[in-house]
Structures are given as C-alpha cells and as structure tokens.
$ cat protein-v3.cif   # mmCIF, N, CA and C atoms
data_coords
loop_
_atom_site.label_atom_id
_atom_site.label_comp_id
_atom_site.auth_asym_id
_atom_site.auth_seq_id
_atom_site.Cartn_x
_atom_site.Cartn_y
_atom_site.Cartn_z
N MET A 241 17.54 -281.94 100.65
CA MET A 241 16.70 -282.27 101.80
C MET A 241 16.15 -280.98 102.40
N LYS A 242 14.89 -281.07 102.79
CA LYS A 242 14.26 -279.97 103.50
C LYS A 242 13.85 -280.47 104.87
N LYS A 243 14.01 -279.63 105.85
CA LYS A 243 13.55 -279.96 107.20
C LYS A 243 12.21 -279.27 107.40
N LEU A 244 11.24 -280.05 107.84
CA LEU A 244 9.90 -279.53 108.05
C LEU A 244 9.42 -279.90 109.44
N ARG A 245 8.51 -279.09 109.96
CA ARG A 245 7.85 -279.39 111.23
C ARG A 245 6.38 -279.60 110.89
N ILE A 246 5.85 -280.76 111.24
CA ILE A 246 4.48 -281.12 110.91
C ILE A 246 3.75 -281.44 112.20
N THR A 247 2.51 -280.93 112.30
CA THR A 247 1.67 -281.23 113.45
C THR A 247 0.49 -282.07 112.99
N VAL A 248 0.33 -283.24 113.61
CA VAL A 248 -0.77 -284.15 113.29
C VAL A 248 -1.49 -284.48 114.58
N ASN A 249 -2.79 -284.18 114.63
CA ASN A 249 -3.59 -284.45 115.83
C ASN A 249 -2.94 -283.92 117.10
N GLY A 250 -2.40 -282.73 117.01
CA GLY A 250 -1.79 -282.09 118.17
C GLY A 250 -0.37 -282.53 118.49
N MET A 251 0.15 -283.52 117.81
CA MET A 251 1.52 -284.00 118.02
C MET A 251 2.42 -283.36 116.96
N THR A 252 3.55 -282.79 117.37
CA THR A 252 4.46 -282.13 116.46
C THR A 252 5.64 -283.03 116.16
N TYR A 253 5.99 -283.11 114.87
CA TYR A 253 7.09 -283.95 114.42
C TYR A 253 8.04 -283.11 113.57
N ASP A 254 9.34 -283.28 113.79
CA ASP A 254 10.35 -282.69 112.92
C ASP A 254 10.77 -283.78 111.94
N VAL A 255 10.66 -283.49 110.64
CA VAL A 255 10.97 -284.49 109.63
C VAL A 255 11.91 -283.90 108.59
N GLU A 256 12.65 -284.78 107.93
CA GLU A 256 13.47 -284.40 106.79
C GLU A 256 12.83 -285.01 105.56
N VAL A 257 12.70 -284.20 104.49
CA VAL A 257 12.03 -284.64 103.27
C VAL A 257 12.96 -284.43 102.09
N LEU A 258 13.09 -285.46 101.28
CA LEU A 258 13.84 -285.35 100.04
C LEU A 258 12.89 -284.78 98.99
N VAL A 259 13.19 -283.60 98.45
CA VAL A 259 12.34 -282.95 97.46
C VAL A 259 12.74 -283.44 96.08
N LEU A 260 11.82 -284.13 95.40
CA LEU A 260 12.09 -284.64 94.06
C LEU A 260 11.75 -283.61 93.01
N GLN A 261 10.72 -282.80 93.27
CA GLN A 261 10.34 -281.74 92.34
C GLN A 261 9.73 -280.62 93.17
N ASP A 262 10.19 -279.42 92.95
CA ASP A 262 9.73 -278.28 93.71
C ASP A 262 8.50 -277.68 93.04
N ASP A 263 7.43 -277.48 93.80
CA ASP A 263 6.19 -276.91 93.26
C ASP A 263 6.44 -275.55 92.60
N GLU A 264 7.31 -274.75 93.18
CA GLU A 264 7.58 -273.43 92.64
C GLU A 264 8.18 -273.49 91.25
N ALA A 265 8.85 -274.58 90.92
CA ALA A 265 9.44 -274.72 89.59
C ALA A 265 8.38 -275.00 88.54
N LEU A 266 7.18 -275.41 88.96
CA LEU A 266 6.13 -275.74 88.01
C LEU A 266 5.35 -274.52 87.54
N GLY A 267 5.46 -273.43 88.25
CA GLY A 267 4.73 -272.22 87.87
C GLY A 267 3.43 -272.12 88.63
N SER A 268 2.67 -271.14 88.26
CA SER A 268 1.40 -270.84 88.92
C SER A 268 0.34 -271.88 88.59
N PRO A 269 -0.50 -272.27 89.57
CA PRO A 269 -1.60 -273.18 89.27
C PRO A 269 -2.56 -272.60 88.23
N ALA A 270 -2.61 -271.27 88.12
CA ALA A 270 -3.49 -270.65 87.13
C ALA A 270 -3.06 -270.98 85.71
N ALA A 271 -1.83 -271.40 85.54
CA ALA A 271 -1.34 -271.74 84.20
C ALA A 271 -1.80 -273.12 83.75
N LEU A 272 -2.39 -273.90 84.67
CA LEU A 272 -2.87 -275.23 84.31
C LEU A 272 -4.10 -275.12 83.43
N PRO A 273 -4.33 -276.08 82.51
CA PRO A 273 -5.44 -275.98 81.59
C PRO A 273 -6.82 -276.06 82.24
N TYR A 274 -6.96 -276.70 83.39
CA TYR A 274 -8.21 -276.75 84.12
C TYR A 274 -7.91 -277.20 85.53
N PRO A 275 -8.80 -276.93 86.50
CA PRO A 275 -8.52 -277.31 87.89
C PRO A 275 -8.24 -278.80 88.01
N GLY A 276 -7.19 -279.15 88.75
CA GLY A 276 -6.85 -280.54 89.00
C GLY A 276 -5.97 -281.16 87.93
N ALA A 277 -5.56 -280.39 86.93
CA ALA A 277 -4.75 -280.94 85.85
C ALA A 277 -3.35 -281.27 86.35
N ALA A 278 -2.74 -282.27 85.76
CA ALA A 278 -1.38 -282.64 86.10
C ALA A 278 -0.44 -281.54 85.66
N ALA A 279 0.48 -281.14 86.51
CA ALA A 279 1.38 -280.04 86.19
C ALA A 279 2.57 -280.50 85.37
N ALA A 280 3.08 -281.67 85.65
CA ALA A 280 4.26 -282.15 84.93
C ALA A 280 3.84 -282.87 83.65
N PRO A 281 4.44 -282.50 82.52
CA PRO A 281 4.05 -283.17 81.28
C PRO A 281 4.49 -284.62 81.28
N ILE A 282 3.70 -285.46 80.62
CA ILE A 282 4.02 -286.87 80.50
C ILE A 282 4.59 -287.08 79.11
N PRO A 283 5.74 -287.78 79.01
CA PRO A 283 6.32 -288.00 77.69
C PRO A 283 5.32 -288.67 76.76
N GLU A 284 5.33 -288.26 75.50
CA GLU A 284 4.39 -288.78 74.51
C GLU A 284 4.41 -290.31 74.46
N ALA A 285 5.59 -290.90 74.55
CA ALA A 285 5.71 -292.35 74.47
C ALA A 285 5.01 -293.05 75.63
N ALA A 286 4.85 -292.35 76.76
CA ALA A 286 4.23 -292.96 77.94
C ALA A 286 2.72 -292.81 77.92
N ARG A 287 2.18 -292.02 77.01
CA ARG A 287 0.74 -291.80 76.95
C ARG A 287 0.06 -292.94 76.20
N PRO A 288 -1.17 -293.29 76.60
CA PRO A 288 -1.90 -294.28 75.83
C PRO A 288 -2.21 -293.72 74.44
N ALA A 289 -2.25 -294.58 73.46
CA ALA A 289 -2.50 -294.15 72.08
C ALA A 289 -3.81 -293.38 71.97
N SER A 290 -4.80 -293.76 72.78
CA SER A 290 -6.11 -293.10 72.71
C SER A 290 -6.05 -291.64 73.15
N ALA A 291 -5.01 -291.25 73.89
CA ALA A 291 -4.90 -289.88 74.38
C ALA A 291 -4.02 -289.02 73.50
N ARG A 292 -3.42 -289.61 72.50
CA ARG A 292 -2.55 -288.84 71.61
C ARG A 292 -3.38 -288.24 70.48
N ALA A 293 -3.01 -287.05 70.10
CA ALA A 293 -3.71 -286.41 69.00
C ALA A 293 -3.27 -287.05 67.70
N PRO A 294 -4.22 -287.55 66.90
CA PRO A 294 -3.83 -288.21 65.66
C PRO A 294 -3.15 -287.23 64.71
N GLY A 295 -1.98 -287.61 64.25
CA GLY A 295 -1.25 -286.79 63.29
C GLY A 295 -0.73 -285.48 63.83
N ALA A 296 -0.76 -285.31 65.14
CA ALA A 296 -0.35 -284.02 65.69
C ALA A 296 1.10 -284.01 66.12
N GLY A 297 1.80 -285.09 65.89
CA GLY A 297 3.22 -285.13 66.24
C GLY A 297 3.47 -284.91 67.71
N GLY A 298 2.56 -285.40 68.58
CA GLY A 298 2.76 -285.29 70.02
C GLY A 298 2.11 -284.07 70.63
N ALA A 299 1.54 -283.18 69.84
CA ALA A 299 0.88 -282.01 70.39
C ALA A 299 -0.44 -282.43 71.03
N ALA A 300 -0.83 -281.76 72.10
CA ALA A 300 -2.08 -282.09 72.78
C ALA A 300 -3.27 -281.69 71.92
N ASP A 301 -4.31 -282.50 71.94
CA ASP A 301 -5.54 -282.20 71.21
C ASP A 301 -6.38 -281.27 72.08
N LEU A 302 -6.63 -280.07 71.61
CA LEU A 302 -7.37 -279.08 72.39
C LEU A 302 -8.85 -279.43 72.49
N ASN A 303 -9.31 -280.40 71.73
CA ASN A 303 -10.71 -280.81 71.79
C ASN A 303 -10.94 -281.98 72.74
N VAL A 304 -9.91 -282.38 73.47
CA VAL A 304 -10.02 -283.51 74.39
C VAL A 304 -9.79 -283.04 75.82
N ILE A 305 -10.68 -283.48 76.71
CA ILE A 305 -10.44 -283.31 78.14
C ILE A 305 -9.91 -284.65 78.62
N ALA A 306 -8.64 -284.67 79.03
CA ALA A 306 -7.98 -285.90 79.44
C ALA A 306 -7.95 -286.01 80.96
N SER A 307 -7.89 -287.22 81.45
CA SER A 307 -7.83 -287.45 82.89
C SER A 307 -6.48 -287.00 83.45
N PRO A 308 -6.50 -286.16 84.49
CA PRO A 308 -5.25 -285.73 85.10
C PRO A 308 -4.70 -286.74 86.10
N ILE A 309 -5.54 -287.72 86.49
CA ILE A 309 -5.15 -288.72 87.49
C ILE A 309 -5.69 -290.08 87.10
N ALA A 310 -5.14 -291.11 87.70
CA ALA A 310 -5.69 -292.46 87.55
C ALA A 310 -6.77 -292.61 88.62
N GLY A 311 -7.90 -293.19 88.24
CA GLY A 311 -8.97 -293.36 89.21
C GLY A 311 -10.17 -294.04 88.59
N THR A 312 -11.30 -293.92 89.29
CA THR A 312 -12.55 -294.51 88.86
C THR A 312 -13.56 -293.40 88.61
N VAL A 313 -14.25 -293.48 87.49
CA VAL A 313 -15.28 -292.49 87.16
C VAL A 313 -16.47 -292.72 88.09
N GLN A 314 -16.83 -291.70 88.87
CA GLN A 314 -17.98 -291.81 89.76
C GLN A 314 -19.25 -291.30 89.10
N LYS A 315 -19.10 -290.21 88.31
CA LYS A 315 -20.28 -289.61 87.68
C LYS A 315 -19.84 -288.83 86.46
N VAL A 316 -20.67 -288.84 85.42
CA VAL A 316 -20.47 -288.03 84.23
C VAL A 316 -21.62 -287.04 84.19
N PHE A 317 -21.30 -285.74 84.15
CA PHE A 317 -22.31 -284.70 84.24
C PHE A 317 -22.81 -284.21 82.87
N VAL A 318 -22.20 -284.66 81.79
CA VAL A 318 -22.55 -284.15 80.46
C VAL A 318 -22.94 -285.30 79.54
N THR A 319 -23.60 -284.95 78.44
CA THR A 319 -23.97 -285.93 77.43
C THR A 319 -23.58 -285.41 76.05
N LYS A 320 -23.54 -286.30 75.09
CA LYS A 320 -23.21 -285.93 73.72
C LYS A 320 -24.20 -284.88 73.22
N GLY A 321 -23.67 -283.85 72.56
CA GLY A 321 -24.50 -282.79 72.02
C GLY A 321 -24.79 -281.66 72.98
N MET A 322 -24.45 -281.84 74.24
CA MET A 322 -24.70 -280.83 75.26
C MET A 322 -23.74 -279.66 75.10
N HIS A 323 -24.24 -278.44 75.30
CA HIS A 323 -23.39 -277.25 75.28
C HIS A 323 -22.94 -276.99 76.72
N VAL A 324 -21.63 -276.79 76.93
CA VAL A 324 -21.11 -276.52 78.27
C VAL A 324 -20.34 -275.20 78.27
N GLU A 325 -20.40 -274.54 79.38
CA GLU A 325 -19.62 -273.32 79.61
C GLU A 325 -18.30 -273.71 80.25
N GLY A 326 -17.28 -272.89 80.07
CA GLY A 326 -15.99 -273.13 80.73
C GLY A 326 -16.18 -273.19 82.24
N LYS A 327 -15.39 -274.02 82.88
CA LYS A 327 -15.38 -274.22 84.33
C LYS A 327 -16.61 -274.96 84.86
N THR A 328 -17.35 -275.61 83.96
CA THR A 328 -18.48 -276.46 84.37
C THR A 328 -17.94 -277.85 84.68
N PRO A 329 -18.36 -278.48 85.80
CA PRO A 329 -17.91 -279.85 86.07
C PRO A 329 -18.44 -280.80 85.00
N VAL A 330 -17.56 -281.65 84.48
CA VAL A 330 -17.98 -282.60 83.44
C VAL A 330 -17.89 -284.05 83.92
N VAL A 331 -16.91 -284.35 84.78
CA VAL A 331 -16.71 -285.72 85.28
C VAL A 331 -16.26 -285.64 86.73
N LEU A 332 -16.70 -286.61 87.52
CA LEU A 332 -16.23 -286.76 88.90
C LEU A 332 -15.43 -288.04 88.98
N LEU A 333 -14.15 -287.93 89.37
CA LEU A 333 -13.28 -289.10 89.51
C LEU A 333 -13.03 -289.37 90.99
N ASP A 334 -12.82 -290.64 91.31
CA ASP A 334 -12.44 -291.04 92.66
C ASP A 334 -11.07 -291.70 92.57
N ALA A 335 -10.15 -291.22 93.37
CA ALA A 335 -8.82 -291.83 93.47
C ALA A 335 -8.46 -291.90 94.94
N MET A 336 -8.28 -293.09 95.44
CA MET A 336 -7.90 -293.31 96.84
C MET A 336 -8.89 -292.64 97.79
N LYS A 337 -10.18 -292.83 97.52
CA LYS A 337 -11.27 -292.31 98.36
C LYS A 337 -11.35 -290.79 98.38
N MET A 338 -10.75 -290.13 97.39
CA MET A 338 -10.85 -288.67 97.28
C MET A 338 -11.54 -288.33 95.97
N ASP A 339 -12.54 -287.46 96.04
CA ASP A 339 -13.26 -287.03 94.85
C ASP A 339 -12.50 -285.90 94.16
N THR A 340 -12.39 -286.00 92.84
CA THR A 340 -11.76 -284.96 92.04
C THR A 340 -12.70 -284.60 90.90
N TYR A 341 -13.14 -283.35 90.91
CA TYR A 341 -14.00 -282.87 89.83
C TYR A 341 -13.12 -282.44 88.66
N ILE A 342 -13.52 -282.83 87.46
CA ILE A 342 -12.84 -282.42 86.24
C ILE A 342 -13.75 -281.39 85.58
N TYR A 343 -13.18 -280.23 85.26
CA TYR A 343 -13.95 -279.12 84.74
C TYR A 343 -13.68 -278.88 83.26
N ALA A 344 -14.68 -278.36 82.57
CA ALA A 344 -14.52 -277.98 81.17
C ALA A 344 -13.55 -276.81 81.10
N PRO A 345 -12.49 -276.93 80.29
CA PRO A 345 -11.52 -275.84 80.21
C PRO A 345 -12.03 -274.67 79.36
N ARG A 346 -13.07 -274.91 78.56
CA ARG A 346 -13.59 -273.84 77.69
C ARG A 346 -15.06 -274.13 77.37
N THR A 347 -15.69 -273.14 76.78
CA THR A 347 -17.06 -273.29 76.32
C THR A 347 -17.07 -274.07 75.02
N GLY A 348 -18.07 -274.92 74.83
CA GLY A 348 -18.16 -275.69 73.59
C GLY A 348 -19.26 -276.72 73.66
N THR A 349 -19.36 -277.51 72.59
CA THR A 349 -20.36 -278.58 72.49
C THR A 349 -19.66 -279.93 72.62
N ILE A 350 -20.26 -280.82 73.40
CA ILE A 350 -19.69 -282.14 73.63
C ILE A 350 -19.96 -283.02 72.41
N ALA A 351 -18.89 -283.53 71.81
CA ALA A 351 -19.02 -284.42 70.65
C ALA A 351 -19.06 -285.88 71.08
N GLU A 352 -18.36 -286.21 72.18
CA GLU A 352 -18.29 -287.59 72.62
C GLU A 352 -17.97 -287.66 74.10
N VAL A 353 -18.66 -288.54 74.79
CA VAL A 353 -18.33 -288.86 76.18
C VAL A 353 -17.62 -290.20 76.12
N CYS A 354 -16.34 -290.21 76.49
CA CYS A 354 -15.49 -291.39 76.30
C CYS A 354 -15.53 -292.37 77.47
N VAL A 355 -16.17 -291.99 78.58
CA VAL A 355 -16.20 -292.84 79.78
C VAL A 355 -17.61 -292.92 80.32
N GLU A 356 -17.82 -293.87 81.22
CA GLU A 356 -19.09 -293.99 81.92
C GLU A 356 -18.81 -294.28 83.39
N ALA A 357 -19.80 -294.08 84.23
CA ALA A 357 -19.64 -294.33 85.66
C ALA A 357 -19.16 -295.76 85.88
N GLY A 358 -18.18 -295.90 86.76
CA GLY A 358 -17.62 -297.21 87.08
C GLY A 358 -16.37 -297.56 86.30
N ALA A 359 -16.08 -296.81 85.24
CA ALA A 359 -14.90 -297.09 84.42
C ALA A 359 -13.63 -296.66 85.13
N SER A 360 -12.57 -297.43 84.93
CA SER A 360 -11.24 -297.05 85.44
C SER A 360 -10.51 -296.27 84.36
N VAL A 361 -9.83 -295.20 84.76
CA VAL A 361 -9.07 -294.40 83.81
C VAL A 361 -7.65 -294.22 84.31
N GLN A 362 -6.76 -294.02 83.38
CA GLN A 362 -5.36 -293.74 83.69
C GLN A 362 -5.08 -292.27 83.32
N VAL A 363 -3.94 -291.78 83.75
CA VAL A 363 -3.53 -290.42 83.42
C VAL A 363 -3.51 -290.26 81.91
N ARG A 364 -4.09 -289.18 81.43
CA ARG A 364 -4.15 -288.79 80.01
C ARG A 364 -5.16 -289.58 79.18
N ASP A 365 -5.93 -290.49 79.79
CA ASP A 365 -7.01 -291.14 79.05
C ASP A 365 -8.05 -290.08 78.71
N PRO A 366 -8.61 -290.11 77.50
CA PRO A 366 -9.64 -289.11 77.16
C PRO A 366 -10.93 -289.36 77.94
N LEU A 367 -11.50 -288.29 78.48
CA LEU A 367 -12.77 -288.38 79.20
C LEU A 367 -13.90 -287.83 78.32
N ILE A 368 -13.65 -286.66 77.74
CA ILE A 368 -14.65 -285.94 76.96
C ILE A 368 -13.97 -285.38 75.71
N ARG A 369 -14.69 -285.39 74.59
CA ARG A 369 -14.20 -284.74 73.37
C ARG A 369 -15.19 -283.64 72.99
N TYR A 370 -14.64 -282.47 72.69
CA TYR A 370 -15.44 -281.36 72.18
C TYR A 370 -15.66 -281.53 70.69
N ALA A 371 -16.76 -280.98 70.18
CA ALA A 371 -16.95 -280.87 68.74
C ALA A 371 -15.97 -279.80 68.26
N PRO A 372 -15.30 -280.03 67.12
CA PRO A 372 -14.35 -279.04 66.61
C PRO A 372 -15.05 -277.70 66.38
N GLU A 373 -14.35 -276.63 66.73
CA GLU A 373 -14.90 -275.28 66.52
C GLU A 373 -14.64 -274.86 65.09
N GLY A 374 -15.52 -274.03 64.61
CA GLY A 374 -15.19 -273.44 63.34
C GLY A 374 -16.16 -273.62 62.31
#
$ encode --input "protein-v3.cif" --output "structure tokens"
Amino acid sequence: MKKLRITVNGMTYDVEVLVLQDDEALGSPAALPYPGAAAAPIPEAARPASARAPGAGGAADLNVIASPIAGTVQKVFVTKGMHVEGKTPVVLLDAMKMDTYIYAPRTGTIAEVCVEAGASVQVRDPLIRYAPEG
C-alpha cells in the first residue's frame, strides 16, 4: 500500500492505494517500441491469432504496428504503398473519449492497412503492416 495526497479541484484528499505493478519496474518509456505502446507484455495465448507472427513461435512481427489499447479507430493517416518516416502518426484511436495517436516505429513502406475509421480494435490487433525490408 502507498499513501498518496491528491488534490482535485482545490480539494485535498489523503488516499491509500494498492500498487499492483510499479511503473519503475517497467523501465524507461524510451524503451517502448513507439509512443503509447503497452509496457507489459501480453502472453502469446491471450493474443488474437491475427496479431501473432506466423511461424515465429510467439516472437513479435517487426513489420506489424499493433494496437496498444482497445478502442475505436477515428482516423487512418496512411494508405497502402505510402512511404512513412519513423515517428509519423499512422492511426488515431479513441478509448474512453481520449484520443491516442499511434506512431510509425520506423521508416518504411506500408504494405497493408488492416483497419478503417469506425472499426473497433483490441490490444495487439494489427493496425498497419510494413512491406518487408530487404
């Protein structure tokens, strides 16, 4: 348990919070693959089959930008065949009335856009696939 003091609209409250996972144990946010990515890994068995790398034995597919949160696609900023630079916004998600921009983790060419505006997505659902490099 942690004791915290929180101020909301000028009112101060002393609260006790049960810490289930400490942010400091997750490491630096810079270690995340792209802004807004989920920090805690999701067990392979809990991932939808569409988000698993085929034949990769549970390893993440580096050519897929997966949804870090469950939400609704508000806008897709890229199209198939488009070249994107790293840190370019590719999808805008809405979860609980909060907008979350999903950014390209690297430079590359878009091979497939897996979602469209209005679609509901779950954690680890593929949003964008890069064309394989090489």
$ atom_distance --input "protein-v3.cif" --atom1 "atom C of A:Arg369" --atom2 "atom C of A:Thr312"
18.5 Å
$ resolve_selection --input "protein-v3.cif" --expression "the PyMOL selection byres ((chain A and resi 335) around 8)" --output "count of residues only"
13
$ residues_near_point --input "protein-v3.cif" --point "(-19.3, -288.3, 84.5)" --cutoff "6.5 Å" --atoms "all atoms listed in the file" --output "MDAnalysis selection string"
chainID A and resid 313:318 330:332 355:357
$ closest_residue --input "protein-v3.cif" --among "A:Pro372, A:Pro366, A:Gly250, A:Gly326" --to "A:Thr347" --atoms "all atoms listed in the file"
A:Gly326
$ residues_around --input "protein-v3.cif" --residues "stretch 322-324 of chain A" --least-positions-apart "3" --cutoff "5 Å" --atoms "all atoms listed in the file" --output "list in words"
Thr319, Thr347, Gly348, Thr349 and Ile350 of chain A
$ atom_distance --input "protein-v3.cif" --atom1 "atom CA of A:Tyr343" --atom2 "atom CA of A:Glu325"
9.6 Å
$ resolve_selection --input "protein-v3.cif" --expression "the PyMOL selection byres ((chain A and resi 367) around 6)" --output "ChimeraX atom specification"
/A:305-307,352-355,365-366,368-369
$ atom_distance --input "protein-v3.cif" --atom1 "atom CA of A:Ala359" --atom2 "atom C of A:Tyr341"
15.4 Å
$ closest_residue --input "protein-v3.cif" --among "A:Pro329, A:Arg346, A:Glu256, A:Arg245" --to "A:Glu373" --atoms "only C-alpha atoms"
A:Arg346
$ closest_residue --input "protein-v3.cif" --among "A:Lys327, A:Asn303, A:Pro308, A:Met251" --to "A:Val361" --atoms "only C-alpha atoms"
A:Pro308
$ axis_aligned_box --input "protein-v3.cif" --around "stretch 359-364 of chain A" --padding-each-side "5 Å" --output "lines of an AutoDock Vina configuration file"
center_x = -9.8
center_y = -293.1
center_z = 82.3
size_x = 22.6
size_y = 18.6
size_z = 16.3
$ closest_residue --input "protein-v3.cif" --among "A:Lys320, A:Val363, A:Lys243, A:Thr328" --to "A:Leu258" --atoms "only C-alpha atoms"
A:Lys243
